[in-house]
file target27.pdb (PDB, C-alpha atoms, pLDDT in the B column)
ATOM      1  CA  MET Z   1     173.175 -66.196  86.281  1.00 38.00           C
ATOM      2  CA  SER Z   2     175.580 -67.953  83.915  1.00 42.00           C
ATOM      3  CA  ASN Z   3     174.294 -70.259  81.177  1.00 49.00           C
ATOM      4  CA  ASN Z   4     177.690 -71.961  80.915  1.00 56.00           C
ATOM      5  CA  PRO Z   5     178.251 -75.334  82.602  1.00 57.00           C
ATOM      6  CA  PRO Z   6     180.227 -75.105  85.841  1.00 55.00           C
ATOM      7  CA  ALA Z   7     183.841 -76.140  86.063  1.00 53.00           C
ATOM      8  CA  PRO Z   8     184.482 -79.517  87.776  1.00 51.00           C
ATOM      9  CA  ALA Z   9     185.207 -79.328  91.494  1.00 50.00           C
ATOM     10  CA  LYS Z  10     188.845 -79.713  92.480  1.00 52.00           C
ATOM     11  CA  THR Z  11     189.796 -82.908  94.284  1.00 54.00           C
ATOM     12  CA  PRO Z  12     191.597 -82.226  97.586  1.00 58.00           C
ATOM     13  CA  ALA Z  13     195.211 -83.375  97.804  1.00 66.00           C
ATOM     14  CA  PRO Z  14     195.639 -86.687  99.675  1.00 74.00           C
ATOM     15  CA  ARG Z  15     197.216 -86.668 103.129  1.00 90.00           C
ATOM     16  CA  LYS Z  16     200.328 -88.748 103.800  1.00 94.00           C
ATOM     17  CA  ALA Z  17     201.076 -91.382 106.425  1.00 96.00           C
ATOM     18  CA  THR Z  18     203.857 -93.946 106.912  1.00 97.00           C
ATOM     19  CA  ILE Z  19     203.622 -97.695 107.544  1.00 98.00           C
ATOM     20  CA  ILE Z  20     205.140 -98.703 110.891  1.00 98.00           C
ATOM     21  CA  ALA Z  21     204.043-102.377 110.994  1.00 97.00           C
ATOM     22  CA  VAL Z  22     202.846-105.074 108.577  1.00 97.00           C
ATOM     23  CA  LYS Z  23     201.113-108.330 109.558  1.00 96.00           C
ATOM     24  CA  GLU Z  24     199.578-110.278 106.684  1.00 94.00           C
ATOM     25  CA  SER Z  25     196.629-108.196 105.409  1.00 95.00           C
ATOM     26  CA  LEU Z  26     196.854-105.668 108.261  1.00 97.00           C
ATOM     27  CA  ILE Z  27     199.111-102.630 108.373  1.00 98.00           C
ATOM     28  CA  THR Z  28     199.650-100.025 111.070  1.00 98.00           C
ATOM     29  CA  ILE Z  29     200.362 -96.450 110.030  1.00 98.00           C
ATOM     30  CA  ASP Z  30     201.697 -93.404 111.850  1.00 98.00           C
ATOM     31  CA  VAL Z  31     199.025 -90.695 111.730  1.00 96.00           C
ATOM     32  CA  SER Z  32     200.505 -88.440 114.419  1.00 94.00           C
ATOM     33  CA  GLY Z  33     201.076 -85.725 111.809  1.00 91.00           C
ATOM     34  CA  THR Z  34     197.641 -85.784 110.199  1.00 93.00           C
ATOM     35  CA  THR Z  35     193.957 -86.467 110.833  1.00 91.00           C
ATOM     36  CA  VAL Z  36     192.277 -89.758 110.012  1.00 94.00           C
ATOM     37  CA  SER Z  37     188.753 -91.190 110.287  1.00 93.00           C
ATOM     38  CA  LYS Z  38     187.475 -94.711 110.898  1.00 94.00           C
ATOM     39  CA  ASN Z  39     186.494 -96.430 107.624  1.00 93.00           C
ATOM     40  CA  GLU Z  40     188.540 -93.908 105.612  1.00 95.00           C
ATOM     41  CA  VAL Z  41     190.095 -95.300 102.438  1.00 94.00           C
ATOM     42  CA  GLY Z  42     193.814 -95.061 101.763  1.00 95.00           C
ATOM     43  CA  HIS Z  43     196.272 -96.408  99.205  1.00 95.00           C
ATOM     44  CA  ILE Z  44     199.675 -97.965  99.835  1.00 96.00           C
ATOM     45  CA  VAL Z  45     202.002 -96.371  97.300  1.00 94.00           C
ATOM     46  CA  LEU Z  46     204.487 -98.823  95.787  1.00 92.00           C
ATOM     47  CA  ALA Z  47     206.719 -98.358  92.753  1.00 85.00           C
ATOM     48  CA  ASP Z  48     204.082 -99.192  90.147  1.00 82.00           C
ATOM     49  CA  GLU Z  49     201.091-100.215  92.265  1.00 88.00           C
ATOM     50  CA  ARG Z  50     198.517 -98.616  94.557  1.00 91.00           C
ATOM     51  CA  LEU Z  51     196.906-101.012  97.027  1.00 94.00           C
ATOM     52  CA  MET Z  52     193.586 -99.994  98.562  1.00 92.00           C
ATOM     53  CA  ALA Z  53     193.052-100.272 102.316  1.00 95.00           C
ATOM     54  CA  GLU Z  54     190.476 -99.171 104.906  1.00 95.00           C
ATOM     55  CA  VAL Z  55     191.007 -97.757 108.402  1.00 97.00           C
ATOM     56  CA  LEU Z  56     189.678-100.224 110.993  1.00 96.00           C
ATOM     57  CA  ARG Z  57     190.651 -98.537 114.268  1.00 96.00           C
ATOM     58  CA  ILE Z  58     192.575 -95.548 115.568  1.00 97.00           C
ATOM     59  CA  GLU Z  59     194.605 -95.481 118.770  1.00 96.00           C
ATOM     60  CA  GLY Z  60     196.399 -92.236 119.527  1.00 93.00           C
ATOM     61  CA  GLY Z  61     198.833 -91.478 116.736  1.00 96.00           C
ATOM     62  CA  ARG Z  62     198.426 -94.893 115.112  1.00 97.00           C
ATOM     63  CA  ALA Z  63     195.788 -96.431 112.877  1.00 98.00           C
ATOM     64  CA  ASP Z  64     195.271-100.018 111.736  1.00 98.00           C
ATOM     65  CA  MET Z  65     194.203-100.619 108.140  1.00 98.00           C
ATOM     66  CA  GLN Z  66     192.835-103.679 106.351  1.00 96.00           C
ATOM     67  CA  VAL Z  67     194.445-104.130 102.925  1.00 95.00           C
ATOM     68  CA  PHE Z  68     192.149-105.601 100.271  1.00 90.00           C
ATOM     69  CA  GLU Z  69     194.922-107.201  98.223  1.00 88.00           C
ATOM     70  CA  ASP Z  70     198.096-109.249  98.675  1.00 89.00           C
ATOM     71  CA  THR Z  71     200.627-107.379 100.848  1.00 93.00           C
ATOM     72  CA  ARG Z  72     203.761-109.149  99.585  1.00 92.00           C
ATOM     73  CA  GLY Z  73     206.530-106.561  99.248  1.00 93.00           C
ATOM     74  CA  VAL Z  74     204.811-104.032 101.519  1.00 96.00           C
ATOM     75  CA  LYS Z  75     207.230-102.942 104.246  1.00 96.00           C
ATOM     76  CA  VAL Z  76     207.792-100.543 107.117  1.00 98.00           C
ATOM     77  CA  GLY Z  77     208.475 -97.054 105.797  1.00 97.00           C
ATOM     78  CA  ASP Z  78     206.226 -97.321 102.743  1.00 97.00           C
ATOM     79  CA  GLU Z  79     203.928 -94.357 102.146  1.00 97.00           C
ATOM     80  CA  VAL Z  80     200.140 -94.399 102.455  1.00 97.00           C
ATOM     81  CA  GLU Z  81     197.915 -91.744 100.888  1.00 96.00           C
ATOM     82  CA  LEU Z  82     194.730 -91.074 102.872  1.00 96.00           C
ATOM     83  CA  SER Z  83     191.850 -90.060 100.623  1.00 92.00           C
ATOM     84  CA  GLY Z  84     189.485 -88.406 103.089  1.00 91.00           C
ATOM     85  CA  SER Z  85     186.672 -90.557 101.654  1.00 89.00           C
ATOM     86  CA  MET Z  86     184.827 -93.499 103.139  1.00 89.00           C
ATOM     87  CA  LEU Z  87     184.570 -96.866 101.402  1.00 83.00           C
ATOM     88  CA  SER Z  88     181.743 -96.449  98.898  1.00 84.00           C
ATOM     89  CA  VAL Z  89     180.388 -97.495  95.512  1.00 86.00           C
ATOM     90  CA  SER Z  90     179.640 -95.423  92.433  1.00 88.00           C
ATOM     91  CA  LEU Z  91     176.013 -95.332  91.317  1.00 89.00           C
ATOM     92  CA  GLY Z  92     174.906 -94.233  87.871  1.00 91.00           C
ATOM     93  CA  PRO Z  93     173.895 -95.354  84.395  1.00 95.00           C
ATOM     94  CA  GLY Z  94     176.027 -98.160  83.025  1.00 93.00           C
ATOM     95  CA  MET Z  95     175.857-100.502  86.029  1.00 91.00           C
ATOM     96  CA  LEU Z  96     173.240-102.797  84.497  1.00 90.00           C
ATOM     97  CA  GLY Z  97     174.699-105.945  82.982  1.00 85.00           C
ATOM     98  CA  GLN Z  98     178.129-105.430  84.542  1.00 88.00           C
ATOM     99  CA  VAL Z  99     179.901-107.910  86.832  1.00 90.00           C
ATOM    100  CA  PHE Z 100     182.134-106.331  89.487  1.00 88.00           C
ATOM    101  CA  ASP Z 101     184.745-107.557  91.939  1.00 81.00           C
ATOM    102  CA  GLY Z 102     184.636-106.600  95.637  1.00 76.00           C
ATOM    103  CA  LEU Z 103     186.162-103.175  94.919  1.00 79.00           C
ATOM    104  CA  GLN Z 104     183.615-102.442  92.147  1.00 86.00           C
ATOM    105  CA  ASN Z 105     186.128-102.954  89.361  1.00 81.00           C
ATOM    106  CA  PRO Z 106     184.243-104.168  86.237  1.00 88.00           C
ATOM    107  CA  LEU Z 107     185.656-107.632  85.557  1.00 87.00           C
ATOM    108  CA  SER Z 108     185.115-107.490  81.794  1.00 87.00           C
ATOM    109  CA  VAL Z 109     187.189-104.308  81.546  1.00 86.00           C
ATOM    110  CA  LEU Z 110     189.951-105.772  83.749  1.00 82.00           C
ATOM    111  CA  ALA Z 111     190.025-108.996  81.721  1.00 84.00           C
ATOM    112  CA  GLU Z 112     190.237-107.059  78.452  1.00 84.00           C
ATOM    113  CA  ALA Z 113     193.205-105.070  79.753  1.00 80.00           C
ATOM    114  CA  HIS Z 114     195.038-107.750  81.756  1.00 79.00           C
ATOM    115  CA  GLY Z 115     193.717-111.199  80.792  1.00 80.00           C
ATOM    116  CA  PHE Z 116     192.148-113.697  83.168  1.00 74.00           C
ATOM    117  CA  PHE Z 117     194.857-113.382  85.840  1.00 75.00           C
ATOM    118  CA  LEU Z 118     194.220-109.950  87.294  1.00 72.00           C
ATOM    119  CA  PRO Z 119     197.275-108.064  88.585  1.00 76.00           C
ATOM    120  CA  ARG Z 120     197.452-106.652  92.068  1.00 79.00           C
ATOM    121  CA  GLY Z 121     196.593-102.978  92.357  1.00 76.00           C
ATOM    122  CA  ALA Z 122     194.506-102.850  89.173  1.00 75.00           C
ATOM    123  CA  ASP Z 123     191.966-100.046  89.463  1.00 75.00           C
ATOM    124  CA  VAL Z 124     189.612 -98.915  86.723  1.00 82.00           C
ATOM    125  CA  PRO Z 125     186.514 -96.708  86.856  1.00 87.00           C
ATOM    126  CA  SER Z 126     183.428 -98.706  87.795  1.00 89.00           C
ATOM    127  CA  LEU Z 127     181.319 -96.802  85.248  1.00 93.00           C
ATOM    128  CA  ASP Z 128     182.217 -96.044  81.626  1.00 92.00           C
ATOM    129  CA  GLN Z 129     183.658 -92.510  81.680  1.00 93.00           C
ATOM    130  CA  HIS Z 130     183.232 -91.909  77.944  1.00 94.00           C
ATOM    131  CA  ARG Z 131     179.772 -93.200  77.058  1.00 95.00           C
ATOM    132  CA  LYS Z 132     177.134 -90.455  76.920  1.00 97.00           C
ATOM    133  CA  TRP Z 133     173.629 -90.735  78.327  1.00 97.00           C
ATOM    134  CA  PRO Z 134     170.581 -88.566  77.579  1.00 97.00           C
ATOM    135  CA  PHE Z 135     169.769 -86.353  80.575  1.00 97.00           C
ATOM    136  CA  GLU Z 136     166.211 -85.059  80.878  1.00 97.00           C
ATOM    137  CA  PRO Z 137     165.999 -82.372  83.593  1.00 97.00           C
ATOM    138  CA  LEU Z 138     162.989 -82.291  85.891  1.00 98.00           C
ATOM    139  CA  VAL Z 139     164.024 -79.076  87.683  1.00 98.00           C
ATOM    140  CA  LYS Z 140     164.825 -75.566  86.466  1.00 97.00           C
ATOM    141  CA  PRO Z 141     166.960 -72.674  87.742  1.00 97.00           C
ATOM    142  CA  GLY Z 142     165.360 -71.141  90.814  1.00 97.00           C
ATOM    143  CA  ASP Z 143     163.786 -74.374  92.068  1.00 98.00           C
ATOM    144  CA  LYS Z 144     164.389 -75.352  95.709  1.00 97.00           C
ATOM    145  CA  VAL Z 145     165.548 -78.916  96.373  1.00 97.00           C
ATOM    146  CA  ARG Z 146     166.419 -81.071  99.360  1.00 97.00           C
ATOM    147  CA  ALA Z 147     168.318 -84.340  99.768  1.00 96.00           C
ATOM    148  CA  GLY Z 148     166.777 -87.077  97.630  1.00 96.00           C
ATOM    149  CA  ALA Z 149     164.854 -84.711  95.353  1.00 97.00           C
ATOM    150  CA  VAL Z 150     164.646 -85.953  91.754  1.00 98.00           C
ATOM    151  CA  LEU Z 151     166.656 -83.600  89.526  1.00 98.00           C
ATOM    152  CA  GLY Z 152     166.199 -85.432  86.251  1.00 97.00           C
ATOM    153  CA  LYS Z 153     166.308 -88.837  84.639  1.00 97.00           C
ATOM    154  CA  THR Z 154     168.229 -90.816  82.062  1.00 97.00           C
ATOM    155  CA  LYS Z 155     167.280 -93.937  80.153  1.00 95.00           C
ATOM    156  CA  GLU Z 156     169.280 -97.170  80.132  1.00 94.00           C
ATOM    157  CA  GLY Z 157     167.574 -99.802  78.023  1.00 91.00           C
ATOM    158  CA  PRO Z 158     163.954-100.094  79.227  1.00 92.00           C
ATOM    159  CA  PHE Z 159     164.750 -98.437  82.574  1.00 93.00           C
ATOM    160  CA  ASP Z 160     164.501 -94.799  83.620  1.00 94.00           C
ATOM    161  CA  HIS Z 161     167.159 -93.916  86.214  1.00 95.00           C
ATOM    162  CA  LYS Z 162     166.294 -91.069  88.568  1.00 96.00           C
ATOM    163  CA  ILE Z 163     169.119 -88.592  89.150  1.00 96.00           C
ATOM    164  CA  MET Z 164     168.678 -87.331  92.700  1.00 96.00           C
ATOM    165  CA  ALA Z 165     170.107 -84.615  94.925  1.00 96.00           C
ATOM    166  CA  PRO Z 166     172.814 -86.080  97.206  1.00 93.00           C
ATOM    167  CA  PHE Z 167     171.580 -87.574 100.466  1.00 92.00           C
ATOM    168  CA  ASP Z 168     174.277 -85.698 102.401  1.00 90.00           C
ATOM    169  CA  LEU Z 169     172.726 -82.389 101.339  1.00 92.00           C
ATOM    170  CA  ALA Z 170     171.897 -80.398 104.484  1.00 90.00           C
ATOM    171  CA  GLY Z 171     168.763 -78.269 104.385  1.00 93.00           C
ATOM    172  CA  GLU Z 172     167.426 -76.591 101.272  1.00 96.00           C
ATOM    173  CA  ALA Z 173     169.439 -75.656  98.170  1.00 97.00           C
ATOM    174  CA  GLN Z 174     168.551 -73.641  95.080  1.00 97.00           C
ATOM    175  CA  VAL Z 175     169.118 -74.829  91.525  1.00 98.00           C
ATOM    176  CA  THR Z 176     171.270 -72.288  89.646  1.00 97.00           C
ATOM    177  CA  TRP Z 177     172.054 -74.143  86.406  1.00 97.00           C
ATOM    178  CA  VAL Z 178     170.639 -77.177  84.587  1.00 97.00           C
ATOM    179  CA  GLY Z 179     172.042 -79.016  81.585  1.00 96.00           C
ATOM    180  CA  LYS Z 180     170.042 -80.816  78.913  1.00 93.00           C
ATOM    181  CA  GLY Z 181     171.318 -83.225  76.301  1.00 96.00           C
ATOM    182  CA  ASP Z 182     173.828 -86.082  76.294  1.00 97.00           C
ATOM    183  CA  PHE Z 183     176.414 -86.282  79.076  1.00 97.00           C
ATOM    184  CA  THR Z 184     178.951 -88.720  80.516  1.00 97.00           C
ATOM    185  CA  VAL Z 185     178.596 -89.850  84.134  1.00 96.00           C
ATOM    186  CA  ALA Z 186     181.299 -87.328  85.112  1.00 94.00           C
ATOM    187  CA  ASP Z 187     179.883 -84.291  83.287  1.00 97.00           C
ATOM    188  CA  PRO Z 188     178.023 -81.682  85.352  1.00 97.00           C
ATOM    189  CA  VAL Z 189     174.253 -81.771  84.812  1.00 97.00           C
ATOM    190  CA  VAL Z 190     173.011 -79.580  87.680  1.00 98.00           C
ATOM    191  CA  ARG Z 191     174.526 -76.865  89.862  1.00 97.00           C
ATOM    192  CA  ILE Z 192     173.013 -75.873  93.207  1.00 97.00           C
ATOM    193  CA  ALA Z 193     173.632 -73.017  95.648  1.00 97.00           C
ATOM    194  CA  LEU Z 194     173.858 -74.182  99.254  1.00 95.00           C
ATOM    195  CA  ALA Z 195     172.351 -72.365 102.203  1.00 88.00           C
ATOM    196  CA  GLU Z 196     175.728 -71.119 103.482  1.00 89.00           C
ATOM    197  CA  GLY Z 197     176.538 -69.518 100.126  1.00 89.00           C
ATOM    198  CA  SER Z 198     178.796 -72.024  98.362  1.00 93.00           C
ATOM    199  CA  GLU Z 199     177.890 -73.885  95.174  1.00 95.00           C
ATOM    200  CA  ARG Z 200     177.966 -77.594  94.386  1.00 96.00           C
ATOM    201  CA  THR Z 201     178.154 -79.279  90.995  1.00 96.00           C
ATOM    202  CA  LEU Z 202     176.274 -82.554  90.493  1.00 97.00           C
ATOM    203  CA  ALA Z 203     176.810 -85.253  87.873  1.00 96.00           C
ATOM    204  CA  MET Z 204     174.803 -88.345  86.957  1.00 93.00           C
TER     205      MET Z 204
END
call {"tool": "encode", "arguments": {"input": "target27.pdb", "output": "structure tokens"}}
result
Amino acid sequence: MSNNPPAPAKTPAPRKATIIAVKESLITIDVSGTTVSKNEVGHIVLADERLMAEVLRIEGGRADMQVFEDTRGVKVGDEVELSGSMLSVSLGPGMLGQVFDGLQNPLSVLAEAHGFFLPRGADVPSLDQHRKWPFEPLVKPGDKVRAGAVLGKTKEGPFDHKIMAPFDLAGEAQVTWVGKGDFTVADPVVRIALAEGSERTLAM
């Protein structure tokens, strides 16, 4: 068993689709050459902007997407990158005291970078990626955990945040590595071995 922290998991490459119709905040994309899921998030790729959108419905080789920002300049033939992820929010230390927009962009960070008139396509991490938080493990290598099990905790002001095993975890997993000390929200703090033999790295 290694005492070294695990390497970060690789992010899968996005899948491509092409816009075939635009009507105000709705676009239709050709997905005949790829797979797509309802509520999947995608990004319209423009010259210097990436506009977030969500799949509303799928009909055959076409899918309709709701764009969350102004679609001026978006046209037939533009490329869309499908992420494979559903619309979601990031949870972790650093949320307290923040004010977010509807896409969980922290408004204070956007205003500092762009002023009070926010540009289209602005996208910043919802949680500070550089600040470190003290992680106190409550499990050890060899422990068995299930979805929702408390793996450790971190303190933010007067509050103790519980760091839990993901709720999409199927069945029982075994803890193979645990970190202790100060970590960013993206650093690995626990590694688990899944029932089918693969490993998963968990952050705060």
call {"tool": "atom_distance", "arguments": {"input": "target27.pdb", "atom1": "atom CA of Z:Val185", "atom2": "atom CA of Z:Ala122"}}
result
21.2 Å
call {"tool": "residues_around", "arguments": {"input": "target27.pdb", "residues": "Z:Lys16", "least_positions_apart": "4", "cutoff": "8 Å", "atoms": "only C-alpha atoms", "output": "ChimeraX atom specification"}}
result
/Z:34,79-82
call {"tool": "closest_residue", "arguments": {"input": "target27.pdb", "among": "Z:Gly121, Z:Asp30, Z:Gly115, Z:Arg131", "to": "Z:Asp48", "atoms": "only C-alpha atoms"}}
result
Z:Gly121
call {"tool": "residues_around", "arguments": {"input": "target27.pdb", "residues": "stretch 49-58 of chain Z", "least_positions_apart": "2", "cutoff": "12 Å", "atoms": "all atoms listed in the file", "output": "compact mmCIF listing (two decimals) with C-alpha atoms, in the coordinates of the input"}}
result
# COMPACT_ATOMS: atom_id res chain seq x y z
CA SER Z 25 196.63 -108.20 105.41
CA LEU Z 26 196.85 -105.67 108.26
CA ILE Z 27 199.11 -102.63 108.37
CA THR Z 28 199.65 -100.02 111.07
CA ILE Z 29 200.36 -96.45 110.03
CA ASP Z 30 201.70 -93.40 111.85
CA VAL Z 31 199.02 -90.70 111.73
CA SER Z 32 200.50 -88.44 114.42
CA THR Z 35 193.96 -86.47 110.83
CA VAL Z 36 192.28 -89.76 110.01
CA SER Z 37 188.75 -91.19 110.29
CA LYS Z 38 187.48 -94.71 110.90
CA ASN Z 39 186.49 -96.43 107.62
CA GLU Z 40 188.54 -93.91 105.61
CA VAL Z 41 190.10 -95.30 102.44
CA GLY Z 42 193.81 -95.06 101.76
CA HIS Z 43 196.27 -96.41 99.20
CA ILE Z 44 199.68 -97.96 99.84
CA VAL Z 45 202.00 -96.37 97.30
CA LEU Z 46 204.49 -98.82 95.79
CA ALA Z 47 206.72 -98.36 92.75
CA GLY Z 60 196.40 -92.24 119.53
CA GLY Z 61 198.83 -91.48 116.74
CA ARG Z 62 198.43 -94.89 115.11
CA ALA Z 63 195.79 -96.43 112.88
CA ASP Z 64 195.27 -100.02 111.74
CA MET Z 65 194.20 -100.62 108.14
CA GLN Z 66 192.84 -103.68 106.35
CA VAL Z 67 194.44 -104.13 102.92
CA PHE Z 68 192.15 -105.60 100.27
CA GLU Z 69 194.92 -107.20 98.22
CA ASP Z 70 198.10 -109.25 98.68
CA THR Z 71 200.63 -107.38 100.85
CA ARG Z 72 203.76 -109.15 99.58
CA GLY Z 73 206.53 -106.56 99.25
CA VAL Z 74 204.81 -104.03 101.52
CA ASP Z 78 206.23 -97.32 102.74
CA GLU Z 79 203.93 -94.36 102.15
CA VAL Z 80 200.14 -94.40 102.46
CA GLU Z 81 197.92 -91.74 100.89
CA LEU Z 82 194.73 -91.07 102.87
CA SER Z 83 191.85 -90.06 100.62
CA GLY Z 84 189.48 -88.41 103.09
CA SER Z 85 186.67 -90.56 101.65
CA MET Z 86 184.83 -93.50 103.14
CA LEU Z 87 184.57 -96.87 101.40
CA SER Z 88 181.74 -96.45 98.90
CA GLY Z 102 184.64 -106.60 95.64
CA LEU Z 103 186.16 -103.18 94.92
CA PRO Z 119 197.28 -108.06 88.58
CA ARG Z 120 197.45 -106.65 92.07
CA GLY Z 121 196.59 -102.98 92.36
CA ALA Z 122 194.51 -102.85 89.17
CA ASP Z 123 191.97 -100.05 89.46
CA VAL Z 124 189.61 -98.92 86.72
call {"tool": "resolve_selection", "arguments": {"input": "target27.pdb", "expression": "the PyMOL selection byres ((chain Z and resi 140) around 12)", "output": "mmCIF file with C-alpha atoms, in the frame of the given file"}}
result
data_model
loop_
_atom_site.group_PDB
_atom_site.id
_atom_site.type_symbol
_atom_site.label_atom_id
_atom_site.label_comp_id
_atom_site.auth_asym_id
_atom_site.auth_seq_id
_atom_site.Cartn_x
_atom_site.Cartn_y
_atom_site.Cartn_z
ATOM 1 C CA GLU Z 136 166.211 -85.059 80.878
ATOM 2 C CA PRO Z 137 165.999 -82.372 83.593
ATOM 3 C CA LEU Z 138 162.989 -82.291 85.891
ATOM 4 C CA VAL Z 139 164.024 -79.076 87.683
ATOM 5 C CA PRO Z 141 166.960 -72.674 87.742
ATOM 6 C CA GLY Z 142 165.360 -71.141 90.814
ATOM 7 C CA ASP Z 143 163.786 -74.374 92.068
ATOM 8 C CA LYS Z 144 164.389 -75.352 95.709
ATOM 9 C CA VAL Z 145 165.548 -78.916 96.373
ATOM 10 C CA VAL Z 150 164.646 -85.953 91.754
ATOM 11 C CA LEU Z 151 166.656 -83.600 89.526
ATOM 12 C CA GLY Z 152 166.199 -85.432 86.251
ATOM 13 C CA GLN Z 174 168.551 -73.641 95.080
ATOM 14 C CA VAL Z 175 169.118 -74.829 91.525
ATOM 15 C CA THR Z 176 171.270 -72.288 89.646
ATOM 16 C CA TRP Z 177 172.054 -74.143 86.406
ATOM 17 C CA VAL Z 178 170.639 -77.177 84.587
ATOM 18 C CA GLY Z 179 172.042 -79.016 81.585
ATOM 19 C CA LYS Z 180 170.042 -80.816 78.913
ATOM 20 C CA VAL Z 189 174.253 -81.771 84.812
ATOM 21 C CA VAL Z 190 173.011 -79.580 87.680
ATOM 22 C CA ARG Z 191 174.526 -76.865 89.862
ATOM 23 C CA ILE Z 192 173.013 -75.873 93.207
#
call {"tool": "closest_residue", "arguments": {"input": "target27.pdb", "among": "Z:Glu156, Z:Asp101, Z:Asp168, Z:Glu199", "to": "Z:Trp133", "atoms": "all atoms listed in the file"}}
result
Z:Glu156
call {"tool": "resolve_selection", "arguments": {"input": "target27.pdb", "expression": "the PyMOL selection byres ((chain Z and resi 194-197) around 9)", "output": "ChimeraX atom specification"}}
result
/Z:169-174,192-193,198-200
call {"tool": "write_last_selection", "arguments": {"input": "target27.pdb", "atoms": "C-alpha atoms", "output": "PDB file, keeping the file's coordinate frame"}}
result
ATOM      1  CA  LEU Z 169     172.726 -82.389 101.339  1.00 92.00           C
ATOM      2  CA  ALA Z 170     171.897 -80.398 104.484  1.00 90.00           C
ATOM      3  CA  GLY Z 171     168.763 -78.269 104.385  1.00 93.00           C
ATOM      4  CA  GLU Z 172     167.426 -76.591 101.272  1.00 96.00           C
ATOM      5  CA  ALA Z 173     169.439 -75.656  98.170  1.00 97.00           C
ATOM      6  CA  GLN Z 174     168.551 -73.641  95.080  1.00 97.00           C
ATOM      7  CA  ILE Z 192     173.013 -75.873  93.207  1.00 97.00           C
ATOM      8  CA  ALA Z 193     173.632 -73.017  95.648  1.00 97.00           C
ATOM      9  CA  SER Z 198     178.796 -72.024  98.362  1.00 93.00           C
ATOM     10  CA  GLU Z 199     177.890 -73.885  95.174  1.00 95.00           C
ATOM     11  CA  ARG Z 200     177.966 -77.594  94.386  1.00 96.00           C
TER      12      ARG Z 200
END
call {"tool": "residues_around", "arguments": {"input": "target27.pdb", "residues": "Z:Leu96", "least_positions_apart": "3", "cutoff": "10 Å", "atoms": "only C-alpha atoms", "output": "ChimeraX atom specification"}}
result
/Z:92-93,99,156-157,159
call {"tool": "atom_distance", "arguments": {"input": "target27.pdb", "atom1": "atom CA of Z:Met204", "atom2": "atom CA of Z:Pro14"}}
result
24.5 Å
call {"tool": "atom_distance", "arguments": {"input": "target27.pdb", "atom1": "atom CA of Z:Asp187", "atom2": "atom CA of Z:Ala203"}}
result
5.6 Å
call {"tool": "resolve_selection", "arguments": {"input": "target27.pdb", "expression": "the PyMOL selection byres ((chain Z and resi 109) around 12)", "output": "PyMOL selection string"}}
result
chain Z and resi 98-101+104-108+110-116+118+122-128
call {"tool": "residues_around", "arguments": {"input": "target27.pdb", "residues": "Z:Val76", "least_positions_apart": "6", "cutoff": "8 Å", "atoms": "only C-alpha atoms", "output": "PDB file with C-alpha atoms, in the coordinates of the input"}}
result
ATOM      1  CA  THR Z  18     203.857 -93.946 106.912  1.00 97.00           C
ATOM      2  CA  ILE Z  19     203.622 -97.695 107.544  1.00 98.00           C
ATOM      3  CA  ILE Z  20     205.140 -98.703 110.891  1.00 98.00           C
ATOM      4  CA  ALA Z  21     204.043-102.377 110.994  1.00 97.00           C
ATOM      5  CA  VAL Z  22     202.846-105.074 108.577  1.00 97.00           C
TER       6      VAL Z  22
END
call {"tool": "build_atoms", "arguments": {"input": "target27.pdb", "residues": "stretch 143-150 of chain Z", "atoms": "N, CA, C and O atoms", "output": "mmCIF file, in the frame of the given file"}}
result
data_model
loop_
_atom_site.group_PDB
_atom_site.id
_atom_site.type_symbol
_atom_site.label_atom_id
_atom_site.label_comp_id
_atom_site.auth_asym_id
_atom_site.auth_seq_id
_atom_site.Cartn_x
_atom_site.Cartn_y
_atom_site.Cartn_z
ATOM 1 N N ASP Z 143 164.498 -73.388 91.261
ATOM 2 C CA ASP Z 143 163.786 -74.374 92.068
ATOM 3 C C ASP Z 143 164.545 -74.659 93.363
ATOM 4 O O ASP Z 143 165.785 -74.629 93.393
ATOM 5 N N LYS Z 144 163.812 -74.963 94.424
ATOM 6 C CA LYS Z 144 164.389 -75.352 95.709
ATOM 7 C C LYS Z 144 164.364 -76.875 95.811
ATOM 8 O O LYS Z 144 163.353 -77.513 95.480
ATOM 9 N N VAL Z 145 165.461 -77.455 96.256
ATOM 10 C CA VAL Z 145 165.548 -78.916 96.373
ATOM 11 C C VAL Z 145 166.156 -79.292 97.716
ATOM 12 O O VAL Z 145 166.888 -78.512 98.334
ATOM 13 N N ARG Z 146 165.836 -80.483 98.156
ATOM 14 C CA ARG Z 146 166.419 -81.071 99.360
ATOM 15 C C ARG Z 146 167.021 -82.428 99.021
ATOM 16 O O ARG Z 146 166.864 -82.922 97.895
ATOM 17 N N ALA Z 147 167.695 -83.028 99.984
ATOM 18 C CA ALA Z 147 168.318 -84.340 99.768
ATOM 19 C C ALA Z 147 167.292 -85.338 99.248
ATOM 20 O O ALA Z 147 166.179 -85.434 99.764
ATOM 21 N N GLY Z 148 167.649 -86.068 98.201
ATOM 22 C CA GLY Z 148 166.777 -87.077 97.630
ATOM 23 C C GLY Z 148 165.802 -86.572 96.585
ATOM 24 O O GLY Z 148 165.102 -87.368 95.956
ATOM 25 N N ALA Z 149 165.759 -85.258 96.372
ATOM 26 C CA ALA Z 149 164.854 -84.711 95.353
ATOM 27 C C ALA Z 149 165.293 -85.192 93.967
ATOM 28 O O ALA Z 149 166.488 -85.269 93.669
ATOM 29 N N VAL Z 150 164.343 -85.496 93.113
ATOM 30 C CA VAL Z 150 164.646 -85.953 91.754
ATOM 31 C C VAL Z 150 164.968 -84.738 90.882
ATOM 32 O O VAL Z 150 164.147 -83.842 90.715
#
